[in-house]
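Trainee: Following this line is query01.pdb, made up of PDB, N, CA and C atoms and all ligand atoms:
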```pdb
MODEL        1
ATOM      1  N   MET A   1      -6.248-136.900 -75.373
ATOM      2  CA  MET A   1      -6.240-137.577 -74.068
ATOM      3  C   MET A   1      -7.356-136.989 -73.195
ATOM      4  N   LEU A   2      -8.240-137.852 -72.751
ATOM      5  CA  LEU A   2      -9.356-137.383 -71.934
ATOM      6  C   LEU A   2      -8.908-137.136 -70.499
ATOM      7  N   CYS A   3      -9.510-136.132 -69.877
ATOM      8  CA  CYS A   3      -9.248-135.911 -68.455
ATOM      9  C   CYS A   3      -9.937-137.022 -67.636
ATOM     10  N   THR A   4      -9.604-137.090 -66.389
ATOM     11  CA  THR A   4     -10.143-138.148 -65.541
ATOM     12  C   THR A   4     -11.661-138.150 -65.507
ATOM     13  N   GLU A   5     -12.242-136.946 -65.470
ATOM     14  CA  GLU A   5     -13.701-136.840 -65.412
ATOM     15  C   GLU A   5     -14.339-137.354 -66.694
ATOM     16  N   CYS A   6     -13.793-136.964 -67.848
ATOM     17  CA  CYS A   6     -14.380-137.402 -69.115
ATOM     18  C   CYS A   6     -14.173-138.891 -69.341
ATOM     19  N   GLN A   7     -13.116-139.445 -68.806
ATOM     20  CA  GLN A   7     -12.906-140.888 -68.937
ATOM     21  C   GLN A   7     -14.032-141.665 -68.274
ATOM     22  N   SER A   8     -14.606-141.087 -67.218
ATOM     23  CA  SER A   8     -15.695-141.794 -66.552
ATOM     24  C   SER A   8     -17.061-141.355 -67.085
ATOM     25  N   GLY A   9     -17.082-140.421 -68.050
ATOM     26  CA  GLY A   9     -18.344-140.086 -68.701
ATOM     27  C   GLY A   9     -18.726-138.629 -68.573
ATOM     28  N   TYR A  10     -19.898-138.342 -69.088
ATOM     29  CA  TYR A  10     -20.435-136.984 -69.075
ATOM     30  C   TYR A  10     -21.288-136.844 -67.828
ATOM     31  N   HIS A  11     -20.800-136.145 -66.851
ATOM     32  CA  HIS A  11     -21.506-136.082 -65.567
ATOM     33  C   HIS A  11     -21.126-134.804 -64.843
ATOM     34  N   ALA A  12     -21.797-134.554 -63.758
ATOM     35  CA  ALA A  12     -21.523-133.366 -62.944
ATOM     36  C   ALA A  12     -20.095-133.424 -62.405
ATOM     37  N   PRO A  13     -19.437-132.310 -62.110
ATOM     38  CA  PRO A  13     -19.962-130.936 -62.249
ATOM     39  C   PRO A  13     -19.960-130.463 -63.692
ATOM     40  N   TYR A  14     -21.109-129.940 -64.135
ATOM     41  CA  TYR A  14     -21.265-129.550 -65.532
ATOM     42  C   TYR A  14     -20.590-128.227 -65.857
ATOM     43  N   ASP A  15     -20.116-127.524 -64.830
ATOM     44  CA  ASP A  15     -19.439-126.267 -65.156
ATOM     45  C   ASP A  15     -18.063-126.510 -65.770
ATOM     46  N   ARG A  16     -17.655-127.765 -65.900
ATOM     47  CA  ARG A  16     -16.416-127.997 -66.625
ATOM     48  C   ARG A  16     -16.633-127.972 -68.137
ATOM     49  N   PHE A  17     -17.898-127.890 -68.570
ATOM     50  CA  PHE A  17     -18.207-127.837 -69.996
ATOM     51  C   PHE A  17     -18.608-126.441 -70.425
ATOM     52  N   GLU A  18     -18.250-126.104 -71.664
ATOM     53  CA  GLU A  18     -18.818-124.909 -72.269
ATOM     54  C   GLU A  18     -19.583-125.338 -73.512
ATOM     55  N   ARG A  19     -20.683-124.657 -73.770
ATOM     56  CA  ARG A  19     -21.502-124.976 -74.931
ATOM     57  C   ARG A  19     -20.882-124.310 -76.153
ATOM     58  N   VAL A  20     -20.530-125.100 -77.135
ATOM     59  CA  VAL A  20     -19.886-124.534 -78.324
ATOM     60  C   VAL A  20     -20.810-124.523 -79.536
ATOM     61  N   ALA A  21     -21.898-125.277 -79.513
ATOM     62  CA  ALA A  21     -22.819-125.278 -80.642
ATOM     63  C   ALA A  21     -24.184-125.753 -80.178
ATOM     64  N   THR A  22     -25.212-125.295 -80.896
ATOM     65  CA  THR A  22     -26.579-125.654 -80.568
ATOM     66  C   THR A  22     -27.321-125.984 -81.855
ATOM     67  N   ASN A  23     -28.125-127.024 -81.822
ATOM     68  CA  ASN A  23     -29.044-127.299 -82.924
ATOM     69  C   ASN A  23     -30.454-127.231 -82.352
ATOM     70  N   PRO A  24     -31.140-126.085 -82.527
ATOM     71  CA  PRO A  24     -32.448-125.908 -81.888
ATOM     72  C   PRO A  24     -33.512-126.839 -82.434
ATOM     73  N   GLU A  25     -33.291-127.408 -83.612
ATOM     74  CA  GLU A  25     -34.312-128.284 -84.189
ATOM     75  C   GLU A  25     -34.286-129.675 -83.579
ATOM     76  N   ALA A  26     -33.154-130.118 -83.124
ATOM     77  CA  ALA A  26     -33.059-131.499 -82.613
ATOM     78  C   ALA A  26     -33.869-131.716 -81.319
ATOM     79  N   PRO A  27     -33.772-130.963 -80.226
ATOM     80  CA  PRO A  27     -32.645-130.070 -79.949
ATOM     81  C   PRO A  27     -31.440-130.861 -79.468
ATOM     82  N   SER A  28     -30.269-130.326 -79.745
ATOM     83  CA  SER A  28     -29.062-130.950 -79.244
ATOM     84  C   SER A  28     -28.014-129.874 -79.018
ATOM     85  N   PHE A  29     -27.045-130.231 -78.216
ATOM     86  CA  PHE A  29     -25.999-129.288 -77.849
ATOM     87  C   PHE A  29     -24.649-129.955 -77.967
ATOM     88  N   LEU A  30     -23.676-129.181 -78.380
ATOM     89  CA  LEU A  30     -22.307-129.665 -78.391
ATOM     90  C   LEU A  30     -21.572-128.980 -77.254
ATOM     91  N   MET A  31     -21.055-129.788 -76.350
ATOM     92  CA  MET A  31     -20.398-129.269 -75.166
ATOM     93  C   MET A  31     -18.919-129.644 -75.224
ATOM     94  N   ARG A  32     -18.059-128.712 -74.796
ATOM     95  CA  ARG A  32     -16.626-128.978 -74.789
ATOM     96  C   ARG A  32     -16.091-128.875 -73.375
ATOM     97  N   CYS A  33     -15.336-129.877 -72.999
ATOM     98  CA  CYS A  33     -14.718-129.890 -71.675
ATOM     99  C   CYS A  33     -13.615-128.836 -71.631
ATOM    100  N   ARG A  34     -13.644-127.979 -70.617
ATOM    101  CA  ARG A  34     -12.636-126.927 -70.484
ATOM    102  C   ARG A  34     -11.282-127.514 -70.080
ATOM    103  N   VAL A  35     -11.289-128.713 -69.549
ATOM    104  CA  VAL A  35     -10.047-129.323 -69.075
ATOM    105  C   VAL A  35      -9.307-130.022 -70.217
ATOM    106  N   CYS A  36     -10.010-130.878 -70.971
ATOM    107  CA  CYS A  36      -9.326-131.706 -71.963
ATOM    108  C   CYS A  36      -9.816-131.464 -73.383
ATOM    109  N   ALA A  37     -10.814-130.578 -73.574
ATOM    110  CA  ALA A  37     -11.348-130.233 -74.898
ATOM    111  C   ALA A  37     -12.117-131.373 -75.554
ATOM    112  N   ALA A  38     -12.515-132.364 -74.781
ATOM    113  CA  ALA A  38     -13.368-133.420 -75.330
ATOM    114  C   ALA A  38     -14.700-132.813 -75.758
ATOM    115  N   LEU A  39     -15.256-133.328 -76.851
ATOM    116  CA  LEU A  39     -16.521-132.828 -77.386
ATOM    117  C   LEU A  39     -17.620-133.836 -77.079
ATOM    118  N   TRP A  40     -18.661-133.374 -76.424
ATOM    119  CA  TRP A  40     -19.780-134.233 -76.036
ATOM    120  C   TRP A  40     -21.046-133.750 -76.711
ATOM    121  N   HIS A  41     -21.781-134.697 -77.258
ATOM    122  CA  HIS A  41     -23.044-134.396 -77.921
ATOM    123  C   HIS A  41     -24.159-134.713 -76.941
ATOM    124  N   GLU A  42     -24.911-133.686 -76.603
ATOM    125  CA  GLU A  42     -25.957-133.835 -75.598
ATOM    126  C   GLU A  42     -27.310-133.668 -76.272
ATOM    127  N   ASN A  43     -28.154-134.698 -76.179
ATOM    128  CA  ASN A  43     -29.527-134.573 -76.680
ATOM    129  C   ASN A  43     -30.419-135.416 -75.786
ATOM    130  N   SER A  44     -31.534-135.885 -76.321
ATOM    131  CA  SER A  44     -32.474-136.599 -75.464
ATOM    132  C   SER A  44     -31.953-137.968 -75.028
ATOM    133  N   GLY A  45     -31.018-138.529 -75.776
ATOM    134  CA  GLY A  45     -30.459-139.835 -75.420
ATOM    135  C   GLY A  45     -29.238-139.692 -74.537
ATOM    136  N   PRO A  46     -28.500-140.770 -74.357
ATOM    137  CA  PRO A  46     -27.271-140.706 -73.556
ATOM    138  C   PRO A  46     -26.230-139.825 -74.254
ATOM    139  N   PRO A  47     -25.517-138.980 -73.516
ATOM    140  CA  PRO A  47     -24.483-138.142 -74.123
ATOM    141  C   PRO A  47     -23.415-138.998 -74.804
ATOM    142  N   ARG A  48     -22.943-138.527 -75.937
ATOM    143  CA  ARG A  48     -21.950-139.267 -76.708
ATOM    144  C   ARG A  48     -20.699-138.434 -76.875
ATOM    145  N   LEU A  49     -19.575-139.090 -76.796
ATOM    146  CA  LEU A  49     -18.291-138.453 -77.074
ATOM    147  C   LEU A  49     -18.110-138.411 -78.594
ATOM    148  N   LEU A  50     -17.776-137.232 -79.126
ATOM    149  CA  LEU A  50     -17.621-137.087 -80.566
ATOM    150  C   LEU A  50     -16.187-136.722 -80.917
ATOM    151  N   THR A  51     -15.785-137.097 -82.131
ATOM    152  CA  THR A  51     -14.538-136.572 -82.670
ATOM    153  C   THR A  51     -14.819-135.187 -83.234
ATOM    154  N   GLN A  52     -13.765-134.439 -83.499
ATOM    155  CA  GLN A  52     -13.951-133.109 -84.072
ATOM    156  C   GLN A  52     -14.595-133.225 -85.464
ATOM    157  N   THR A  53     -14.235-134.252 -86.210
ATOM    158  CA  THR A  53     -14.829-134.461 -87.536
ATOM    159  C   THR A  53     -16.334-134.686 -87.429
ATOM    160  N   GLN A  54     -16.753-135.537 -86.505
ATOM    161  CA  GLN A  54     -18.182-135.783 -86.311
ATOM    162  C   GLN A  54     -18.903-134.507 -85.880
ATOM    163  N   SER A  55     -18.264-133.723 -85.036
ATOM    164  CA  SER A  55     -18.874-132.493 -84.543
ATOM    165  C   SER A  55     -19.091-131.500 -85.676
ATOM    166  N   ARG A  56     -18.096-131.393 -86.560
ATOM    167  CA  ARG A  56     -18.229-130.469 -87.696
ATOM    168  C   ARG A  56     -19.329-130.935 -88.635
ATOM    169  N   TRP A  57     -19.493-132.235 -88.754
ATOM    170  CA  TRP A  57     -20.525-132.770 -89.634
ATOM    171  C   TRP A  57     -21.921-132.504 -89.029
ATOM    172  N   LEU A  58     -22.032-132.616 -87.719
ATOM    173  CA  LEU A  58     -23.324-132.398 -87.071
ATOM    174  C   LEU A  58     -23.683-130.919 -86.967
ATOM    175  N   TYR A  59     -22.659-130.075 -86.878
ATOM    176  CA  TYR A  59     -22.893-128.637 -86.727
ATOM    177  C   TYR A  59     -22.100-127.882 -87.793
ATOM    178  N   PRO A  60     -22.519-128.029 -89.053
ATOM    179  CA  PRO A  60     -21.713-127.452 -90.150
ATOM    180  C   PRO A  60     -21.633-125.927 -90.113
ATOM    181  N   ALA A  61     -22.604-125.277 -89.466
ATOM    182  CA  ALA A  61     -22.608-123.810 -89.460
ATOM    183  C   ALA A  61     -21.705-123.232 -88.371
ATOM    184  N   GLU A  62     -21.213-124.082 -87.471
ATOM    185  CA  GLU A  62     -20.440-123.581 -86.330
ATOM    186  C   GLU A  62     -18.946-123.716 -86.604
ATOM    187  N   ARG A  63     -18.178-122.875 -85.971
ATOM    188  CA  ARG A  63     -16.725-123.016 -86.019
ATOM    189  C   ARG A  63     -16.308-123.816 -84.796
ATOM    190  N   ILE A  64     -15.884-125.019 -85.030
ATOM    191  CA  ILE A  64     -15.551-125.904 -83.917
ATOM    192  C   ILE A  64     -14.048-126.194 -83.938
TER     193      ILE A  64
HETATM  194 ZN    ZN A 101     -12.510-133.589 -69.938
ENDMDL
END
```
Could you write out this structure as structure tokens?

Mentor:
Amino acid sequence: MLCTECQSGYHAPYDRFERVATNPEAPSFLMRCRVCAALWHENSGPPRLLTQTQSRWLYPAERI
């Protein structure tokens, strides 16, 4: 269940997210909402909400 903020998208205040994984080659970042644990994929395009399965596939070296 997404929190109210995540339901409306990936937006400020960004301190509700913690960075849980980084891909320096992309570059891209996996951010997790501290409120609802939603996983957001942040790169040069629009941020995308990911499932935990998708996150593990994108960041196989990280413990997510
Ligand atoms: Zn959230």

Trainee: Find the residues near ligand ZN 101 (chain A). Use a cut-off of 6.5 Å, count all atoms listed in the file, and write them as a ChimeraX atom specification.

Mentor: /A:2-7,33-38

Trainee: What does the structure give for the distance between atom C of Val20 in chain A and atom C of Gln52 in chain A, in Å to one decimal?

Mentor: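 About the pair atom C of Val20 in chain A and atom C of Gln52 in chain A: they are 12.2 Å apart.
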
Trainee: Please return, as a list of chain:residue names, all polymer residues that have at least one atom within 10 Å of the point (-18.0, -127.7, -66.8); use only C-alpha atoms and the file's own coordinate frame.

Mentor: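 In the file's frame, the residues around the point are A:Tyr10, A:His11, A:Ala12, A:Pro13, A:Tyr14, A:Asp15, A:Arg16, A:Phe17, A:Glu18, A:Arg19, A:Met31, A:Arg32, A:Cys33, A:Arg34, A:Val35.
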
Trainee: Hey, could you pull the box centre and edge lengths for range 26-32 of chain A, axis-aligned, 6 Å padding per side, all listed atoms, to one decimal in Å, as lines of an AutoDock Vina configuration file?

Mentor:
```
center_x = -25.0
center_y = -130.2
center_z = -78.2
size_x = 29.8
size_y = 15.0
size_z = 21.7
```

Trainee: Here's the selection I'm unsure about, the PyMOL selection byres (((chain A and resi 29) around 6.5) and not hetatm); applied to the file above, which residues does it give, as a ChimeraX atom specification?

Mentor: /A:20-23,27-28,30-31,40-43

Trainee: Using N, CA and C atoms, can you export the residues from the last selection as a compact mmCIF listing (two decimals), keeping the file's coordinate frame?

Mentor:
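The file below, part20.txt, is the result:
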```txt
# COMPACT_ATOMS: atom_id res chain seq x y z
N VAL A 20 -20.53 -125.10 -77.14
CA VAL A 20 -19.89 -124.53 -78.32
C VAL A 20 -20.81 -124.52 -79.54
N ALA A 21 -21.90 -125.28 -79.51
CA ALA A 21 -22.82 -125.28 -80.64
C ALA A 21 -24.18 -125.75 -80.18
N THR A 22 -25.21 -125.30 -80.90
CA THR A 22 -26.58 -125.65 -80.57
C THR A 22 -27.32 -125.98 -81.86
N ASN A 23 -28.12 -127.02 -81.82
CA ASN A 23 -29.04 -127.30 -82.92
C ASN A 23 -30.45 -127.23 -82.35
N PRO A 27 -33.77 -130.96 -80.23
CA PRO A 27 -32.65 -130.07 -79.95
C PRO A 27 -31.44 -130.86 -79.47
N SER A 28 -30.27 -130.33 -79.74
CA SER A 28 -29.06 -130.95 -79.24
C SER A 28 -28.01 -129.87 -79.02
N LEU A 30 -23.68 -129.18 -78.38
CA LEU A 30 -22.31 -129.66 -78.39
C LEU A 30 -21.57 -128.98 -77.25
N MET A 31 -21.06 -129.79 -76.35
CA MET A 31 -20.40 -129.27 -75.17
C MET A 31 -18.92 -129.64 -75.22
N TRP A 40 -18.66 -133.37 -76.42
CA TRP A 40 -19.78 -134.23 -76.04
C TRP A 40 -21.05 -133.75 -76.71
N HIS A 41 -21.78 -134.70 -77.26
CA HIS A 41 -23.04 -134.40 -77.92
C HIS A 41 -24.16 -134.71 -76.94
N GLU A 42 -24.91 -133.69 -76.60
CA GLU A 42 -25.96 -133.84 -75.60
C GLU A 42 -27.31 -133.67 -76.27
N ASN A 43 -28.15 -134.70 -76.18
CA ASN A 43 -29.53 -134.57 -76.68
C ASN A 43 -30.42 -135.42 -75.79
```

Trainee: Between CA of Leu49 in chain A and CA of Gly9 in chain A, what is the distance, to one decimal in Å?

Mentor: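 Between CA of Leu49 in chain A and CA of Gly9 in chain A the gap is 8.5 Å.
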
Trainee: Determine which residues of chain A DSSP labels as strand (DSSP E) from the backbone of this structure, then write them out as a list in words.

Mentor: Phe17, Glu18, Arg19, Val20, Ala21, Thr22, Asn23, Ser28, Phe29, Leu30, Met31, Arg32, Cys33, Leu39, Trp40, His41, Glu42, Arg48, Leu49 and Leu50 of chain A

Trainee: In Å, rounded to a single decimal, give me how far atom C of Gln54 in chain A is from CA of Met1 in chain A.

Mentor: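 Taking CA of Met1 in chain A as the start and atom C of Gln54 in chain A as the end point, the length is 17.6 Å.
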
Trainee: Chain A: which residues are alpha helix (DSSP H) by DSSP, as a list of chain:residue names?

Mentor: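 Output for chain A, alpha helix (DSSP H) only: A:Thr4, A:Glu5, A:Cys6, A:Gln7, A:Gln52, A:Thr53, A:Gln54, A:Ser55, A:Arg56, A:Trp57, A:Leu58.
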
Trainee: Take the residues from that selection and write them out as an mmCIF file, keeping the file's coordinate frame, keeping N, CA and C atoms.

Mentor:
```cif
data_model
loop_
_atom_site.group_PDB
_atom_site.id
_atom_site.type_symbol
_atom_site.label_atom_id
_atom_site.label_comp_id
_atom_site.auth_asym_id
_atom_site.auth_seq_id
_atom_site.Cartn_x
_atom_site.Cartn_y
_atom_site.Cartn_z
ATOM 1 N N THR A 4 -9.604 -137.090 -66.389
ATOM 2 C CA THR A 4 -10.143 -138.148 -65.541
ATOM 3 C C THR A 4 -11.661 -138.150 -65.507
ATOM 4 N N GLU A 5 -12.242 -136.946 -65.470
ATOM 5 C CA GLU A 5 -13.701 -136.840 -65.412
ATOM 6 C C GLU A 5 -14.339 -137.354 -66.694
ATOM 7 N N CYS A 6 -13.793 -136.964 -67.848
ATOM 8 C CA CYS A 6 -14.380 -137.402 -69.115
ATOM 9 C C CYS A 6 -14.173 -138.891 -69.341
ATOM 10 N N GLN A 7 -13.116 -139.445 -68.806
ATOM 11 C CA GLN A 7 -12.906 -140.888 -68.937
ATOM 12 C C GLN A 7 -14.032 -141.665 -68.274
ATOM 13 N N GLN A 52 -13.765 -134.439 -83.499
ATOM 14 C CA GLN A 52 -13.951 -133.109 -84.072
ATOM 15 C C GLN A 52 -14.595 -133.225 -85.464
ATOM 16 N N THR A 53 -14.235 -134.252 -86.210
ATOM 17 C CA THR A 53 -14.829 -134.461 -87.536
ATOM 18 C C THR A 53 -16.334 -134.686 -87.429
ATOM 19 N N GLN A 54 -16.753 -135.537 -86.505
ATOM 20 C CA GLN A 54 -18.182 -135.783 -86.311
ATOM 21 C C GLN A 54 -18.903 -134.507 -85.880
ATOM 22 N N SER A 55 -18.264 -133.723 -85.036
ATOM 23 C CA SER A 55 -18.874 -132.493 -84.543
ATOM 24 C C SER A 55 -19.091 -131.500 -85.676
ATOM 25 N N ARG A 56 -18.096 -131.393 -86.560
ATOM 26 C CA ARG A 56 -18.229 -130.469 -87.696
ATOM 27 C C ARG A 56 -19.329 -130.935 -88.635
ATOM 28 N N TRP A 57 -19.493 -132.235 -88.754
ATOM 29 C CA TRP A 57 -20.525 -132.770 -89.634
ATOM 30 C C TRP A 57 -21.921 -132.504 -89.029
ATOM 31 N N LEU A 58 -22.032 -132.616 -87.719
ATOM 32 C CA LEU A 58 -23.324 -132.398 -87.071
ATOM 33 C C LEU A 58 -23.683 -130.919 -86.967
#
```
